[in-house]
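Below is upload21.txt, which holds compact mmCIF, N, CA and C atoms.
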```
# COMPACT_ATOMS: atom_id res chain seq x y z
N MET A 1 95.84 90.29 80.95
CA MET A 1 95.43 91.52 81.56
C MET A 1 93.92 91.61 81.46
N ARG A 2 93.30 92.01 82.53
CA ARG A 2 91.85 92.07 82.56
C ARG A 2 91.32 93.43 82.15
N ARG A 3 92.10 94.47 82.29
CA ARG A 3 91.66 95.81 81.94
C ARG A 3 92.78 96.50 81.16
N LEU A 4 92.44 97.26 80.20
CA LEU A 4 93.43 98.00 79.43
C LEU A 4 93.33 99.49 79.70
N PHE A 5 92.67 99.88 80.76
CA PHE A 5 92.52 101.28 81.09
C PHE A 5 92.53 101.43 82.60
N PRO A 6 92.91 102.60 83.11
CA PRO A 6 92.87 102.82 84.55
C PRO A 6 91.42 102.90 85.02
N VAL A 7 91.08 102.13 86.02
CA VAL A 7 89.71 102.09 86.50
C VAL A 7 89.55 103.07 87.65
N THR A 8 89.54 104.34 87.34
CA THR A 8 89.34 105.38 88.33
C THR A 8 88.40 106.41 87.74
N TYR A 9 88.19 107.48 88.44
CA TYR A 9 87.27 108.51 87.99
C TYR A 9 87.62 109.04 86.62
N GLU A 10 88.86 108.90 86.20
CA GLU A 10 89.28 109.46 84.92
C GLU A 10 88.68 108.73 83.73
N THR A 11 88.19 107.51 83.93
CA THR A 11 87.60 106.77 82.82
C THR A 11 86.08 106.90 82.80
N ALA A 12 85.53 107.68 83.73
CA ALA A 12 84.08 107.82 83.81
C ALA A 12 83.54 108.65 82.65
N ASP A 13 82.28 108.42 82.35
CA ASP A 13 81.57 109.23 81.38
C ASP A 13 81.14 110.50 82.12
N HIS A 14 81.74 111.62 81.81
CA HIS A 14 81.50 112.84 82.57
C HIS A 14 80.25 113.60 82.13
N GLU A 15 79.38 112.98 81.33
CA GLU A 15 78.15 113.63 80.91
C GLU A 15 76.97 113.16 81.74
N GLY A 16 77.24 112.52 82.88
CA GLY A 16 76.16 112.13 83.76
C GLY A 16 75.67 110.71 83.55
N ARG A 17 76.10 110.06 82.48
CA ARG A 17 75.71 108.66 82.28
C ARG A 17 76.61 107.79 83.12
N GLU A 18 76.17 106.57 83.38
CA GLU A 18 76.91 105.70 84.27
C GLU A 18 78.25 105.26 83.73
N GLY A 19 78.43 105.12 82.46
CA GLY A 19 79.71 104.66 81.95
C GLY A 19 79.89 103.17 82.15
N LEU A 20 81.13 102.74 82.23
CA LEU A 20 81.43 101.31 82.36
C LEU A 20 81.23 100.86 83.80
N ASP A 21 80.64 99.69 83.97
CA ASP A 21 80.45 99.16 85.32
C ASP A 21 81.65 98.34 85.74
N GLY A 22 81.90 98.34 87.02
CA GLY A 22 82.98 97.55 87.60
C GLY A 22 82.58 97.16 89.00
N PRO A 23 83.50 96.61 89.79
CA PRO A 23 83.17 96.24 91.15
C PRO A 23 82.62 97.44 91.91
N GLY A 24 81.46 97.26 92.51
CA GLY A 24 80.89 98.32 93.31
C GLY A 24 80.10 99.35 92.53
N GLY A 25 80.02 99.25 91.23
CA GLY A 25 79.18 100.18 90.50
C GLY A 25 79.89 100.93 89.40
N PRO A 26 79.30 102.03 88.96
CA PRO A 26 79.83 102.76 87.82
C PRO A 26 81.15 103.45 88.12
N LEU A 27 81.84 103.77 87.07
CA LEU A 27 83.13 104.44 87.21
C LEU A 27 83.00 105.94 87.39
N GLY A 28 81.84 106.44 87.73
CA GLY A 28 81.65 107.86 87.91
C GLY A 28 82.24 108.36 89.22
N ARG A 29 83.09 107.60 89.85
CA ARG A 29 83.75 107.97 91.11
C ARG A 29 85.10 107.29 91.16
N GLU A 30 85.95 107.74 92.06
CA GLU A 30 87.25 107.10 92.22
C GLU A 30 87.07 105.78 92.96
N TRP A 31 87.67 104.72 92.44
CA TRP A 31 87.56 103.42 93.06
C TRP A 31 88.46 103.35 94.29
N SER A 32 88.06 102.55 95.27
CA SER A 32 88.88 102.33 96.46
C SER A 32 90.09 101.48 96.08
N LEU A 33 91.09 101.48 96.93
CA LEU A 33 92.26 100.63 96.69
C LEU A 33 91.87 99.16 96.68
N ASP A 34 90.91 98.75 97.52
CA ASP A 34 90.45 97.35 97.52
C ASP A 34 89.81 96.99 96.18
N GLU A 35 89.01 97.90 95.62
CA GLU A 35 88.39 97.63 94.33
C GLU A 35 89.45 97.53 93.23
N LEU A 36 90.42 98.41 93.26
CA LEU A 36 91.51 98.33 92.28
C LEU A 36 92.26 97.02 92.42
N ALA A 37 92.56 96.64 93.66
CA ALA A 37 93.30 95.39 93.89
C ALA A 37 92.49 94.19 93.41
N ASP A 38 91.17 94.21 93.58
CA ASP A 38 90.33 93.12 93.08
C ASP A 38 90.41 93.02 91.57
N VAL A 39 90.36 94.16 90.88
CA VAL A 39 90.40 94.16 89.41
C VAL A 39 91.76 93.70 88.90
N TYR A 40 92.83 94.12 89.56
CA TYR A 40 94.17 93.78 89.11
C TYR A 40 94.76 92.56 89.81
N ALA A 41 93.96 91.85 90.59
CA ALA A 41 94.45 90.66 91.28
C ALA A 41 94.88 89.60 90.27
N TYR A 42 95.80 88.75 90.70
CA TYR A 42 96.20 87.64 89.85
C TYR A 42 95.02 86.69 89.71
N PRO A 43 94.92 86.00 88.59
CA PRO A 43 93.78 85.11 88.37
C PRO A 43 93.66 84.04 89.45
N ALA A 44 92.43 83.65 89.74
CA ALA A 44 92.19 82.57 90.69
C ALA A 44 92.94 81.33 90.23
N GLY A 45 93.54 80.62 91.13
CA GLY A 45 94.29 79.42 90.79
C GLY A 45 95.67 79.70 90.24
N ALA A 46 96.14 80.93 90.35
CA ALA A 46 97.44 81.30 89.79
C ALA A 46 98.60 80.99 90.73
N ALA A 47 98.30 80.49 91.93
CA ALA A 47 99.36 80.18 92.88
C ALA A 47 100.37 79.24 92.25
N GLY A 48 101.64 79.56 92.37
CA GLY A 48 102.70 78.74 91.80
C GLY A 48 103.02 79.08 90.35
N GLU A 49 102.20 79.90 89.71
CA GLU A 49 102.46 80.31 88.34
C GLU A 49 103.28 81.60 88.35
N VAL A 50 103.98 81.84 87.27
CA VAL A 50 104.77 83.07 87.13
C VAL A 50 103.99 84.04 86.25
N TRP A 51 103.85 85.26 86.72
CA TRP A 51 103.16 86.30 85.98
C TRP A 51 104.07 87.50 85.86
N LEU A 52 104.06 88.12 84.71
CA LEU A 52 104.82 89.34 84.49
C LEU A 52 103.84 90.40 84.01
N ARG A 53 103.86 91.53 84.69
CA ARG A 53 103.02 92.64 84.29
C ARG A 53 103.90 93.82 83.92
N ALA A 54 103.48 94.55 82.92
CA ALA A 54 104.19 95.76 82.53
C ALA A 54 103.23 96.93 82.69
N ASN A 55 103.76 98.03 83.17
CA ASN A 55 102.97 99.23 83.34
C ASN A 55 103.87 100.43 83.11
N MET A 56 103.43 101.33 82.27
CA MET A 56 104.21 102.54 82.05
C MET A 56 103.28 103.64 81.58
N VAL A 57 103.77 104.84 81.63
CA VAL A 57 103.04 105.98 81.10
C VAL A 57 103.81 106.53 79.91
N SER A 58 103.10 107.19 79.03
CA SER A 58 103.76 107.89 77.92
C SER A 58 102.90 109.06 77.49
N THR A 59 103.52 109.97 76.80
CA THR A 59 102.79 111.11 76.26
C THR A 59 102.22 110.72 74.90
N LEU A 60 101.37 111.57 74.35
CA LEU A 60 100.78 111.26 73.04
C LEU A 60 101.83 111.08 71.95
N ASP A 61 102.98 111.75 72.10
CA ASP A 61 104.03 111.60 71.09
C ASP A 61 104.98 110.44 71.41
N GLY A 62 104.66 109.65 72.43
CA GLY A 62 105.44 108.45 72.74
C GLY A 62 106.54 108.62 73.76
N ALA A 63 106.74 109.81 74.29
CA ALA A 63 107.79 110.00 75.30
C ALA A 63 107.40 109.30 76.60
N ALA A 64 108.38 108.69 77.26
CA ALA A 64 108.13 108.00 78.52
C ALA A 64 108.71 108.78 79.70
N GLN A 65 109.17 109.99 79.43
CA GLN A 65 109.73 110.81 80.51
C GLN A 65 109.75 112.27 80.09
N HIS A 66 109.91 113.13 81.07
CA HIS A 66 110.11 114.55 80.83
C HIS A 66 111.22 115.00 81.77
N ASP A 67 112.27 115.57 81.20
CA ASP A 67 113.45 115.96 81.99
C ASP A 67 114.00 114.78 82.80
N GLY A 68 113.96 113.58 82.20
CA GLY A 68 114.55 112.40 82.81
C GLY A 68 113.69 111.71 83.84
N ARG A 69 112.46 112.14 84.03
CA ARG A 69 111.60 111.53 85.05
C ARG A 69 110.24 111.19 84.46
N SER A 70 109.62 110.13 84.96
CA SER A 70 108.29 109.75 84.48
C SER A 70 107.18 110.46 85.25
N GLN A 71 107.42 110.85 86.47
CA GLN A 71 106.37 111.45 87.30
C GLN A 71 105.70 112.66 86.66
N PRO A 72 106.44 113.56 86.00
CA PRO A 72 105.75 114.73 85.43
C PRO A 72 104.71 114.40 84.36
N ILE A 73 104.77 113.23 83.77
CA ILE A 73 103.77 112.88 82.76
C ILE A 73 102.71 111.95 83.32
N SER A 74 102.74 111.71 84.62
CA SER A 74 101.76 110.85 85.28
C SER A 74 100.68 111.69 85.94
N CYS A 75 99.47 111.18 85.92
CA CYS A 75 98.37 111.83 86.62
C CYS A 75 98.05 111.02 87.88
N PRO A 76 97.22 111.54 88.76
CA PRO A 76 96.87 110.78 89.97
C PRO A 76 96.32 109.38 89.68
N ALA A 77 95.54 109.23 88.62
CA ALA A 77 95.02 107.90 88.28
C ALA A 77 96.16 106.94 87.92
N ASP A 78 97.14 107.43 87.16
CA ASP A 78 98.30 106.60 86.83
C ASP A 78 99.01 106.13 88.10
N MET A 79 99.18 107.05 89.03
CA MET A 79 99.91 106.74 90.26
C MET A 79 99.14 105.73 91.12
N ARG A 80 97.82 105.80 91.12
CA ARG A 80 97.02 104.83 91.89
C ARG A 80 97.16 103.43 91.28
N ILE A 81 97.12 103.34 89.96
CA ILE A 81 97.29 102.04 89.30
C ILE A 81 98.69 101.52 89.56
N PHE A 82 99.70 102.36 89.37
CA PHE A 82 101.09 101.97 89.60
C PHE A 82 101.26 101.47 91.04
N GLY A 83 100.74 102.21 92.00
CA GLY A 83 100.86 101.81 93.40
C GLY A 83 100.17 100.50 93.70
N THR A 84 99.01 100.28 93.09
CA THR A 84 98.28 99.02 93.29
C THR A 84 99.06 97.85 92.70
N LEU A 85 99.55 98.00 91.47
CA LEU A 85 100.31 96.92 90.85
C LEU A 85 101.57 96.61 91.65
N ARG A 86 102.27 97.64 92.12
CA ARG A 86 103.46 97.44 92.97
C ARG A 86 103.09 96.68 94.23
N ALA A 87 101.98 97.07 94.85
CA ALA A 87 101.58 96.46 96.12
C ALA A 87 101.21 94.99 95.96
N LEU A 88 100.77 94.58 94.78
CA LEU A 88 100.39 93.18 94.54
C LEU A 88 101.57 92.32 94.10
N ALA A 89 102.66 92.94 93.68
CA ALA A 89 103.79 92.23 93.07
C ALA A 89 104.72 91.57 94.09
N ASP A 90 105.39 90.53 93.64
CA ASP A 90 106.49 89.94 94.42
C ASP A 90 107.75 90.76 94.24
N ALA A 91 107.94 91.25 93.02
CA ALA A 91 109.13 92.05 92.70
C ALA A 91 108.75 93.12 91.68
N VAL A 92 109.42 94.25 91.77
CA VAL A 92 109.24 95.35 90.83
C VAL A 92 110.54 95.50 90.07
N VAL A 93 110.48 95.39 88.74
CA VAL A 93 111.67 95.50 87.90
C VAL A 93 111.83 96.95 87.48
N VAL A 94 113.03 97.48 87.67
CA VAL A 94 113.31 98.87 87.34
C VAL A 94 114.68 98.95 86.68
N GLY A 95 114.81 99.81 85.70
CA GLY A 95 116.08 99.99 85.02
C GLY A 95 117.05 100.83 85.83
N ALA A 96 118.33 100.58 85.63
CA ALA A 96 119.37 101.29 86.38
C ALA A 96 119.30 102.80 86.16
N GLN A 97 118.98 103.23 84.93
CA GLN A 97 118.90 104.67 84.69
C GLN A 97 117.77 105.30 85.50
N THR A 98 116.68 104.59 85.67
CA THR A 98 115.58 105.09 86.50
C THR A 98 116.05 105.21 87.95
N VAL A 99 116.80 104.24 88.42
CA VAL A 99 117.34 104.30 89.78
C VAL A 99 118.22 105.53 89.93
N ARG A 100 119.08 105.76 88.94
CA ARG A 100 120.00 106.90 89.01
C ARG A 100 119.25 108.23 88.90
N GLN A 101 118.37 108.35 87.92
CA GLN A 101 117.68 109.62 87.65
C GLN A 101 116.68 110.00 88.73
N GLU A 102 115.96 109.01 89.23
CA GLU A 102 114.84 109.30 90.12
C GLU A 102 115.13 109.04 91.59
N GLY A 103 116.36 108.64 91.90
CA GLY A 103 116.66 108.36 93.30
C GLY A 103 115.72 107.30 93.86
N TYR A 104 115.54 106.24 93.09
CA TYR A 104 114.56 105.20 93.40
C TYR A 104 114.74 104.69 94.82
N ARG A 105 113.64 104.52 95.51
CA ARG A 105 113.66 104.08 96.90
C ARG A 105 113.10 102.66 97.01
N PRO A 106 113.37 102.00 98.13
CA PRO A 106 112.81 100.65 98.30
C PRO A 106 111.29 100.69 98.43
N ALA A 107 110.67 99.58 98.11
CA ALA A 107 109.22 99.48 98.29
C ALA A 107 108.93 99.55 99.78
N ARG A 108 107.77 100.11 100.08
CA ARG A 108 107.40 100.27 101.48
C ARG A 108 106.17 99.43 101.79
N VAL A 109 105.93 99.24 103.07
CA VAL A 109 104.72 98.53 103.50
C VAL A 109 103.53 99.45 103.22
N ARG A 110 102.53 98.90 102.61
CA ARG A 110 101.29 99.65 102.37
C ARG A 110 100.19 98.98 103.18
N ASP A 111 99.75 99.64 104.22
CA ASP A 111 98.74 99.06 105.11
C ASP A 111 97.51 98.58 104.37
N ALA A 112 97.11 99.31 103.33
CA ALA A 112 95.91 98.95 102.57
C ALA A 112 96.02 97.58 101.89
N PHE A 113 97.25 97.09 101.72
CA PHE A 113 97.45 95.81 101.03
C PHE A 113 98.06 94.74 101.92
N ALA A 114 98.30 95.04 103.18
CA ALA A 114 99.00 94.11 104.09
C ALA A 114 98.28 92.77 104.19
N ALA A 115 96.97 92.77 104.38
CA ALA A 115 96.24 91.51 104.54
C ALA A 115 96.28 90.70 103.25
N ARG A 116 96.15 91.34 102.10
CA ARG A 116 96.23 90.62 100.81
C ARG A 116 97.59 89.96 100.63
N ARG A 117 98.64 90.72 100.95
CA ARG A 117 100.00 90.18 100.78
C ARG A 117 100.20 88.98 101.71
N LYS A 118 99.75 89.11 102.95
CA LYS A 118 99.91 88.01 103.90
C LYS A 118 99.13 86.78 103.44
N GLU A 119 97.88 86.99 103.00
CA GLU A 119 97.06 85.89 102.51
C GLU A 119 97.69 85.19 101.31
N ALA A 120 98.40 85.95 100.48
CA ALA A 120 99.05 85.39 99.30
C ALA A 120 100.41 84.78 99.62
N GLY A 121 100.82 84.83 100.91
CA GLY A 121 102.11 84.26 101.29
C GLY A 121 103.28 85.17 100.93
N GLN A 122 103.02 86.44 100.71
CA GLN A 122 104.06 87.39 100.35
C GLN A 122 104.58 88.10 101.60
N GLY A 123 105.78 88.65 101.46
CA GLY A 123 106.34 89.47 102.52
C GLY A 123 105.61 90.80 102.57
N PRO A 124 106.01 91.68 103.48
CA PRO A 124 105.29 92.95 103.65
C PRO A 124 105.44 93.93 102.48
N ALA A 125 106.48 93.78 101.69
CA ALA A 125 106.70 94.68 100.54
C ALA A 125 107.43 93.90 99.45
N PRO A 126 107.24 94.31 98.19
CA PRO A 126 107.94 93.62 97.11
C PRO A 126 109.43 93.96 97.09
N SER A 127 110.21 93.07 96.52
CA SER A 127 111.62 93.36 96.25
C SER A 127 111.71 94.26 95.04
N ILE A 128 112.80 95.00 94.93
CA ILE A 128 113.08 95.78 93.74
C ILE A 128 114.20 95.07 93.00
N ALA A 129 113.97 94.76 91.73
CA ALA A 129 114.98 94.12 90.89
C ALA A 129 115.51 95.16 89.91
N VAL A 130 116.78 95.48 90.02
CA VAL A 130 117.39 96.51 89.17
C VAL A 130 118.08 95.84 87.99
N ILE A 131 117.74 96.27 86.79
CA ILE A 131 118.36 95.75 85.58
C ILE A 131 119.47 96.72 85.17
N SER A 132 120.68 96.20 85.06
CA SER A 132 121.83 97.05 84.75
C SER A 132 122.85 96.29 83.93
N ALA A 133 123.41 96.94 82.94
CA ALA A 133 124.49 96.34 82.15
C ALA A 133 125.84 96.58 82.80
N SER A 134 125.97 97.65 83.56
CA SER A 134 127.29 98.04 84.08
C SER A 134 127.42 97.97 85.60
N LEU A 135 126.31 97.88 86.31
CA LEU A 135 126.28 97.99 87.78
C LEU A 135 126.87 99.32 88.26
N ASP A 136 126.78 100.33 87.42
CA ASP A 136 127.21 101.68 87.79
C ASP A 136 126.09 102.32 88.61
N LEU A 137 126.01 101.90 89.86
CA LEU A 137 124.95 102.33 90.77
C LEU A 137 125.58 102.81 92.07
N ASP A 138 124.90 103.71 92.75
CA ASP A 138 125.35 104.18 94.05
C ASP A 138 124.75 103.27 95.11
N PHE A 139 125.53 102.33 95.59
CA PHE A 139 125.04 101.34 96.54
C PHE A 139 124.86 101.91 97.95
N ARG A 140 125.09 103.22 98.10
CA ARG A 140 124.81 103.90 99.37
C ARG A 140 123.38 104.42 99.41
N LEU A 141 122.64 104.33 98.29
CA LEU A 141 121.26 104.80 98.24
C LEU A 141 120.37 103.94 99.15
N PRO A 142 119.30 104.53 99.69
CA PRO A 142 118.36 103.77 100.52
C PRO A 142 117.82 102.51 99.83
N LEU A 143 117.73 102.52 98.50
CA LEU A 143 117.27 101.34 97.78
C LEU A 143 118.10 100.11 98.14
N PHE A 144 119.38 100.32 98.40
CA PHE A 144 120.28 99.21 98.70
C PHE A 144 120.57 99.07 100.20
N THR A 145 120.44 100.16 100.95
CA THR A 145 120.81 100.11 102.37
C THR A 145 119.62 99.96 103.31
N GLU A 146 118.39 100.25 102.85
CA GLU A 146 117.24 100.25 103.75
C GLU A 146 116.04 99.44 103.23
N PRO A 147 116.21 98.46 102.37
CA PRO A 147 115.03 97.77 101.85
C PRO A 147 114.41 96.81 102.88
N LEU A 148 113.09 96.66 102.81
CA LEU A 148 112.41 95.65 103.64
C LEU A 148 112.63 94.25 103.05
N ALA A 149 112.72 94.20 101.73
CA ALA A 149 113.01 92.96 101.01
C ALA A 149 114.30 93.22 100.22
N PRO A 150 115.16 92.24 100.08
CA PRO A 150 116.43 92.46 99.39
C PRO A 150 116.25 93.03 97.99
N THR A 151 117.09 94.01 97.64
CA THR A 151 117.10 94.56 96.29
C THR A 151 117.98 93.67 95.44
```

Would you mind writing the file out in structure tokens?
Amino acid sequence: MRRLFPVTYETADHEGREGLDGPGGPLGREWSLDELADVYAYPAGAAGEVWLRANMVSTLDGAAQHDGRSQPISCPADMRIFGTLRALADAVVVGAQTVRQEGYRPARVRDAFAARRKEAGQGPAPSIAVISASLDLDFRLPLFTEPLAPT
């Protein structure tokens, strides 16, 4: 991993100093999706290698959800990082309980990442890989009936 923090306006030094530098300049502004994708891109020469990335949010007390969902504990910066990592991935791994609780949907085409995905030899959207011990899933959900890439 090249960065251990979200590279958006939320990591800027809000006292007027430049803060940490990154592609395109200081973090005193929200980075573009292209800048985020450059920072989180797979290493040069990684073609043919297998990479696994993990990304999650948690509260200060370690909770990874509120009322069964992760979105309420996520901020806009979290969602931008999550969206960028999803857009760069071949597959997104999700637990069955998340599928059930959050009505998980298939990955969609993101125009901002279309050229990168094509250049990398990827399809228009990542597959969703559901991890389940029981397969107690509603296979009528759009995740299974409307995916661009097989779930």

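Atom pair atom CA of A:Thr59 / atom CA of A:Val99 has a distance of 21.0 Å (rounded to one decimal).
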
If we count only C-alpha atoms and set the cut-off at 8 Å, which residues sit around A:Val94, ignoring sequence neighbours fewer than 4 positions away in its own chain? Please answer as an mmCIF file with N, CA and C atoms, in the coordinates of the input.
```cif
data_model
loop_
_atom_site.group_PDB
_atom_site.id
_atom_site.type_symbol
_atom_site.label_atom_id
_atom_site.label_comp_id
_atom_site.auth_asym_id
_atom_site.auth_seq_id
_atom_site.Cartn_x
_atom_site.Cartn_y
_atom_site.Cartn_z
ATOM 1 N N THR A 98 116.680 104.590 85.670
ATOM 2 C CA THR A 98 115.580 105.090 86.500
ATOM 3 C C THR A 98 116.050 105.210 87.950
ATOM 4 N N VAL A 99 116.800 104.240 88.420
ATOM 5 C CA VAL A 99 117.340 104.300 89.780
ATOM 6 C C VAL A 99 118.220 105.530 89.930
ATOM 7 N N ILE A 128 112.800 95.000 94.930
ATOM 8 C CA ILE A 128 113.080 95.780 93.740
ATOM 9 C C ILE A 128 114.200 95.070 93.000
ATOM 10 N N ALA A 129 113.970 94.760 91.730
ATOM 11 C CA ALA A 129 114.980 94.120 90.890
ATOM 12 C C ALA A 129 115.510 95.160 89.910
ATOM 13 N N VAL A 130 116.780 95.480 90.020
ATOM 14 C CA VAL A 130 117.390 96.510 89.170
ATOM 15 C C VAL A 130 118.080 95.840 87.990
ATOM 16 N N ILE A 131 117.740 96.270 86.790
ATOM 17 C CA ILE A 131 118.360 95.750 85.580
ATOM 18 C C ILE A 131 119.470 96.720 85.170
#
```

Of the listed residues A:Lys118, A:Tyr42, A:Pro106, A:Ser127, that which approaches A:Pro142 most closely, counting all atoms listed in the file: A:Pro106

Residue contacts of A:Leu143 (6.5 Å, all atoms listed in the file) excluding same-chain residues fewer than 5 positions away, as a list in words: Tyr104, Arg105, Pro106 and Thr151 of chain A

Atom CA of A:Ala54 to atom CA of A:Glu102, distance in Å rounded to a single decimal: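 Rounded to one decimal, the two atoms are 18.8 Å apart.
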
Between atom C of A:Arg53 and atom C of A:Leu85, distance in Å (one decimal): 8.5 Å

Contacts of A:Val109 within 8 Å, only N, CA and C atoms, excl. fewer than 6 positions in-chain, as a ChimeraX atom specification: /A:87,123-126,148

Taking (98.7, 96.6, 98.6) in the file's coordinates, which residues come within 12 Å, counting only C-alpha atoms, written as a short mmCIF file (atom, residue, chain, number, x, y, z; two decimals) with N, CA and C atoms, in the coordinates of the input?
```
data_model
loop_
_atom_site.label_atom_id
_atom_site.label_comp_id
_atom_site.auth_asym_id
_atom_site.auth_seq_id
_atom_site.Cartn_x
_atom_site.Cartn_y
_atom_site.Cartn_z
N SER A 32 88.06 102.55 95.27
CA SER A 32 88.88 102.33 96.46
C SER A 32 90.09 101.48 96.08
N LEU A 33 91.09 101.48 96.93
CA LEU A 33 92.26 100.63 96.69
C LEU A 33 91.87 99.16 96.68
N ASP A 34 90.91 98.75 97.52
CA ASP A 34 90.45 97.35 97.52
C ASP A 34 89.81 96.99 96.18
N GLU A 35 89.01 97.90 95.62
CA GLU A 35 88.39 97.63 94.33
C GLU A 35 89.45 97.53 93.23
N LEU A 36 90.42 98.41 93.26
CA LEU A 36 91.51 98.33 92.28
C LEU A 36 92.26 97.02 92.42
N ALA A 37 92.56 96.64 93.66
CA ALA A 37 93.30 95.39 93.89
C ALA A 37 92.49 94.19 93.41
N ASP A 38 91.17 94.21 93.58
CA ASP A 38 90.33 93.12 93.08
C ASP A 38 90.41 93.02 91.57
N TYR A 40 92.83 94.12 89.56
CA TYR A 40 94.17 93.78 89.11
C TYR A 40 94.76 92.56 89.81
N ALA A 41 93.96 91.85 90.59
CA ALA A 41 94.45 90.66 91.28
C ALA A 41 94.88 89.60 90.27
N ARG A 80 97.82 105.80 91.12
CA ARG A 80 97.02 104.83 91.89
C ARG A 80 97.16 103.43 91.28
N ILE A 81 97.12 103.34 89.96
CA ILE A 81 97.29 102.04 89.30
C ILE A 81 98.69 101.52 89.56
N PHE A 82 99.70 102.36 89.37
CA PHE A 82 101.09 101.97 89.60
C PHE A 82 101.26 101.47 91.04
N GLY A 83 100.74 102.21 92.00
CA GLY A 83 100.86 101.81 93.40
C GLY A 83 100.17 100.50 93.70
N THR A 84 99.01 100.28 93.09
CA THR A 84 98.28 99.02 93.29
C THR A 84 99.06 97.85 92.70
N LEU A 85 99.55 98.00 91.47
CA LEU A 85 100.31 96.92 90.85
C LEU A 85 101.57 96.61 91.65
N ARG A 86 102.27 97.64 92.12
CA ARG A 86 103.46 97.44 92.97
C ARG A 86 103.09 96.68 94.23
N ALA A 87 101.98 97.07 94.85
CA ALA A 87 101.58 96.46 96.12
C ALA A 87 101.21 94.99 95.96
N LEU A 88 100.77 94.58 94.78
CA LEU A 88 100.39 93.18 94.54
C LEU A 88 101.57 92.32 94.10
N ALA A 89 102.66 92.94 93.68
CA ALA A 89 103.79 92.23 93.07
C ALA A 89 104.72 91.57 94.09
N ASP A 90 105.39 90.53 93.64
CA ASP A 90 106.49 89.94 94.42
C ASP A 90 107.75 90.76 94.24
N ALA A 107 110.67 99.58 98.11
CA ALA A 107 109.22 99.48 98.29
C ALA A 107 108.93 99.55 99.78
N ARG A 108 107.77 100.11 100.08
CA ARG A 108 107.40 100.27 101.48
C ARG A 108 106.17 99.43 101.79
N VAL A 109 105.93 99.24 103.07
CA VAL A 109 104.72 98.53 103.50
C VAL A 109 103.53 99.45 103.22
N ARG A 110 102.53 98.90 102.61
CA ARG A 110 101.29 99.65 102.37
C ARG A 110 100.19 98.98 103.18
N ASP A 111 99.75 99.64 104.22
CA ASP A 111 98.74 99.06 105.11
C ASP A 111 97.51 98.58 104.37
N ALA A 112 97.11 99.31 103.33
CA ALA A 112 95.91 98.95 102.57
C ALA A 112 96.02 97.58 101.89
N PHE A 113 97.25 97.09 101.72
CA PHE A 113 97.45 95.81 101.03
C PHE A 113 98.06 94.74 101.92
N ALA A 114 98.30 95.04 103.18
CA ALA A 114 99.00 94.11 104.09
C ALA A 114 98.28 92.77 104.19
N ALA A 115 96.97 92.77 104.38
CA ALA A 115 96.24 91.51 104.54
C ALA A 115 96.28 90.70 103.25
N ARG A 116 96.15 91.34 102.10
CA ARG A 116 96.23 90.62 100.81
C ARG A 116 97.59 89.96 100.63
N ARG A 117 98.64 90.72 100.95
CA ARG A 117 100.00 90.18 100.78
C ARG A 117 100.20 88.98 101.71
N LYS A 118 99.75 89.11 102.95
CA LYS A 118 99.91 88.01 103.90
C LYS A 118 99.13 86.78 103.44
N GLU A 119 97.88 86.99 103.00
CA GLU A 119 97.06 85.89 102.51
C GLU A 119 97.69 85.19 101.31
N ALA A 120 98.40 85.95 100.48
CA ALA A 120 99.05 85.39 99.30
C ALA A 120 100.41 84.78 99.62
N GLN A 122 103.02 86.44 100.71
CA GLN A 122 104.06 87.39 100.35
C GLN A 122 104.58 88.10 101.60
N GLY A 123 105.78 88.65 101.46
CA GLY A 123 106.34 89.47 102.52
C GLY A 123 105.61 90.80 102.57
N PRO A 124 106.01 91.68 103.48
CA PRO A 124 105.29 92.95 103.65
C PRO A 124 105.44 93.93 102.48
N ALA A 125 106.48 93.78 101.69
CA ALA A 125 106.70 94.68 100.54
C ALA A 125 107.43 93.90 99.45
N PRO A 126 107.24 94.31 98.19
CA PRO A 126 107.94 93.62 97.11
C PRO A 126 109.43 93.96 97.09
#
```

Residue with smallest distance to A:Gln101 - pool A:Gln65, A:Met79, A:Trp31, A:Leu135, counting only C-alpha atoms: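 Smallest distance to A:Gln101 is found for A:Gln65.
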
DSSP helix (DSSP H, G or I) selection over stretch 7-146 of chain A, as a PyMOL selection string: chain A and resi 9-11+33-39+71-73+76-88+96-102+111-119+142-145

Among listed residues A:Ala133, A:Ala63, A:Cys75, A:Leu52, nearest A:Val92 (using only C-alpha atoms):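 Selected residue with least distance to A:Val92: A:Leu52.
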
From A:Asn55, A:Ser70, A:Thr145, A:Gln97, residue lying nearest A:Ser132 [only N, CA and C atoms]: A:Gln97

Taking all atoms of stretch 75-90 of chain A that appear in the file, build a box with edges along x, y and z, extend it by 3 Å on every side, and state its centre and edge lengths in Å to one decimal, as AutoDock Vina command-line options.
```
--center_x 101.4 --center_y 100.9 --center_z 91.0 --size_x 18.7 --size_y 27.9 --size_z 16.2
```

Among listed residues A:Gly48, A:Arg100, A:Gly121, A:Asp136, nearest A:Arg69 (using only C-alpha atoms):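 Closest residue, counting only C-alpha atoms: A:Arg100.
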